[in-house]
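Participant: First the structure, which I've put down as structure tokens, then a few questions once you've had a look.
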Amino acid sequence: MLAHFFSFCIGRGYTRTNPAEGIAMPSARPNRRDHVSPAEVEAMLRALTADEVAAGESLQWLREWILFGVGTGLRPGEQAALRWADVRLGERVVRVRGTKTAASVRSVPLAGEALRVLRQRGDRRRGEGDGPVFTDGNGRPINAAGGKLTKRLKALGTAAGLSKNVTAYGLRHSFGTRMAAAGVPLLDLAKIMGTSVQMIERHYGHYDPARGASHMDRVFGLEDSTEVQSADA
């Protein structure tokens with residue numbers, strides 16, 4: 001932009017030099033965020049099982065953290081702060097508090113592996129009072145921003161042969177990417193993930209012509225096959 005401005009000034013005789021000439025512009029940061037595909041998650045879980053066998057210790061807490069993260073799209077801090085008082089297994093939802101303001105609450109649906117994880121963790125703690133849903137192997141709350149979780153995920157990605165840096169936030173991006181690719185309306189996805197439609201569109205919104213055509217067919221219906229054949233003839 002500045003280079004064009006100074007070129008204009010030179011053309012008008014306002015200046016003789018272009019101070020912006022030869023300056024390399026910083027490349028724009030890509031909008032796509034690193035995520036792991038379902039196949040890559042499976043590879044990480046296989047690597048985790050191998051680590052358990054080699055170390056002779058259970059890493060079930062990490063397995064459940066990963067499965068819940070890719071199955072709900074919660075931010076790492078939200079997942080770490082989740083408490084049993086916010087879990088509604090009968091309704092298949094969790095209430096996520098304080099994302100934008102201290103009083104803000106949103107409901108996140110539960111399905112598949114994420115629901116199974118909470119049911120299993122709930123069975124193991126039956127009879128206990130309120131407390132953090134996710135704890136490490138020693139029963140301590142998980143620090144989502146701490147080095148232990150970060151190192152574990154990075155090591156798992158390496159052991160699984162992934163050419164990307166696996167992070168706790170990347171699990172959230174995996175959820176968003178998979179839901180958007182499945183055709184979930186961006187407004188619905190934004191509500192589930194607790195963010196704006198603009199952010200969803202920027203990071204996860206890809207237009208798929210085939211999916212667009214299927215939506216048109218669903219809303220307006222297909223032409224009669226005989227009419228289509230006669231038109232093609």
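Every chain in the structure tokens has a letter given in the order shown (A, B, ...), and although residue numbers restart at 1 in each chain, ligands are simply numbered from 1 in the order shown.
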Excluding same-chain residues fewer than 4 positions from segment 35-40 of chain A, what lies within 6 Å of it counting only C-alpha atoms, as a PyMOL selection string?

Facilitator: chain A and resi 170+173-174

Participant: Counting only C-alpha atoms, what is within 9 Å of segment 85-88 of chain A, bar same-chain residues fewer than 6 positions away, as an MDAnalysis selection string?

Facilitator: chainID A and resid 94:97 118 129:133

Participant: Show me, as a PyMOL selection string, the residues that have an atom within 8 Å of segment 142-154 of chain A when counting only C-alpha atoms, minus same-chain residues fewer than 6 positions from it.

Facilitator: chain A and resi 76-77+80+134-136+165-168

Participant: Which one of A:Arg121, A:Arg75, A:Leu110, A:Leu171 sits closest to Gly157 of chain A if you count only C-alpha atoms?

Facilitator: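 Under the stated criterion, the closest residue is A:Leu171.
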
Participant: Mind pulling up the distance from atom CA of Gly56 of chain A to atom CA of Asp123 of chain A?

Facilitator: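 One can read the atom CA of Asp123 of chain A to atom CA of Gly56 of chain A distance as 23.8 Å.
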
Participant: Within 12 Å of segment 187-193 of chain A, which residues of segment 145-181 of chain A show up? Give each one with its shortest atom-to-atom distance in Å (one decimal) and the two atoms involved, counting only C-alpha atoms, rows by chain then rising residue number, as a Markdown table.

Facilitator:
```
| residue | atom | partner | partner_atom | distance |
| --- | --- | --- | --- | --- |
| A:Arg172 | CA | A:Met193 | CA | 8.5 |
| A:His173 | CA | A:Met193 | CA | 10.0 |
| A:Ser174 | CA | A:Met193 | CA | 11.8 |
| A:Phe175 | CA | A:Met193 | CA | 9.1 |
| A:Gly176 | CA | A:Leu189 | CA | 7.4 |
| A:Thr177 | CA | A:Leu189 | CA | 10.1 |
| A:Arg178 | CA | A:Leu189 | CA | 10.6 |
| A:Met179 | CA | A:Leu189 | CA | 7.3 |
| A:Ala180 | CA | A:Leu189 | CA | 7.5 |
| A:Ala181 | CA | A:Leu189 | CA | 11.2 |
```

Participant: Store the residues picked out above, limited to N, CA and C atoms, as a short mmCIF file (atom, residue, chain, number, x, y, z; two decimals), in the first residue's frame.

Facilitator:
```cif
data_model
loop_
_atom_site.label_atom_id
_atom_site.label_comp_id
_atom_site.auth_asym_id
_atom_site.auth_seq_id
_atom_site.Cartn_x
_atom_site.Cartn_y
_atom_site.Cartn_z
N ARG A 172 -9.78 -28.36 19.90
CA ARG A 172 -10.97 -27.53 19.64
C ARG A 172 -11.11 -27.27 18.14
N HIS A 173 -9.99 -26.98 17.49
CA HIS A 173 -10.04 -26.72 16.05
C HIS A 173 -10.45 -27.97 15.28
N SER A 174 -10.08 -29.13 15.79
CA SER A 174 -10.47 -30.38 15.14
C SER A 174 -11.99 -30.52 15.16
N PHE A 175 -12.59 -30.19 16.29
CA PHE A 175 -14.05 -30.23 16.40
C PHE A 175 -14.69 -29.27 15.41
N GLY A 176 -14.22 -28.03 15.38
CA GLY A 176 -14.79 -27.03 14.49
C GLY A 176 -14.67 -27.41 13.04
N THR A 177 -13.50 -27.92 12.65
CA THR A 177 -13.27 -28.31 11.27
C THR A 177 -14.18 -29.46 10.86
N ARG A 178 -14.30 -30.45 11.74
CA ARG A 178 -15.13 -31.61 11.40
C ARG A 178 -16.60 -31.24 11.32
N MET A 179 -17.07 -30.40 12.23
CA MET A 179 -18.48 -30.00 12.21
C MET A 179 -18.79 -29.16 10.98
N ALA A 180 -17.90 -28.23 10.63
CA ALA A 180 -18.13 -27.39 9.45
C ALA A 180 -18.13 -28.24 8.19
N ALA A 181 -17.20 -29.20 8.11
CA ALA A 181 -17.13 -30.07 6.93
C ALA A 181 -18.37 -30.94 6.79
#
```

Participant: Please measure the separation of atom CA of Gln120 of chain A and atom CA of Glu64 of chain A, giving the value in Å to one decimal.

Facilitator: 9.6 Å

Participant: Which is closest to Gly183 of chain A among A:Gly212, A:Tyr169, A:Val117, A:Arg202, if we use only C-alpha atoms?

Facilitator: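 Among A:Gly212, A:Tyr169, A:Val117, A:Arg202, it is A:Gly212 that comes nearest to Gly183 of chain A.
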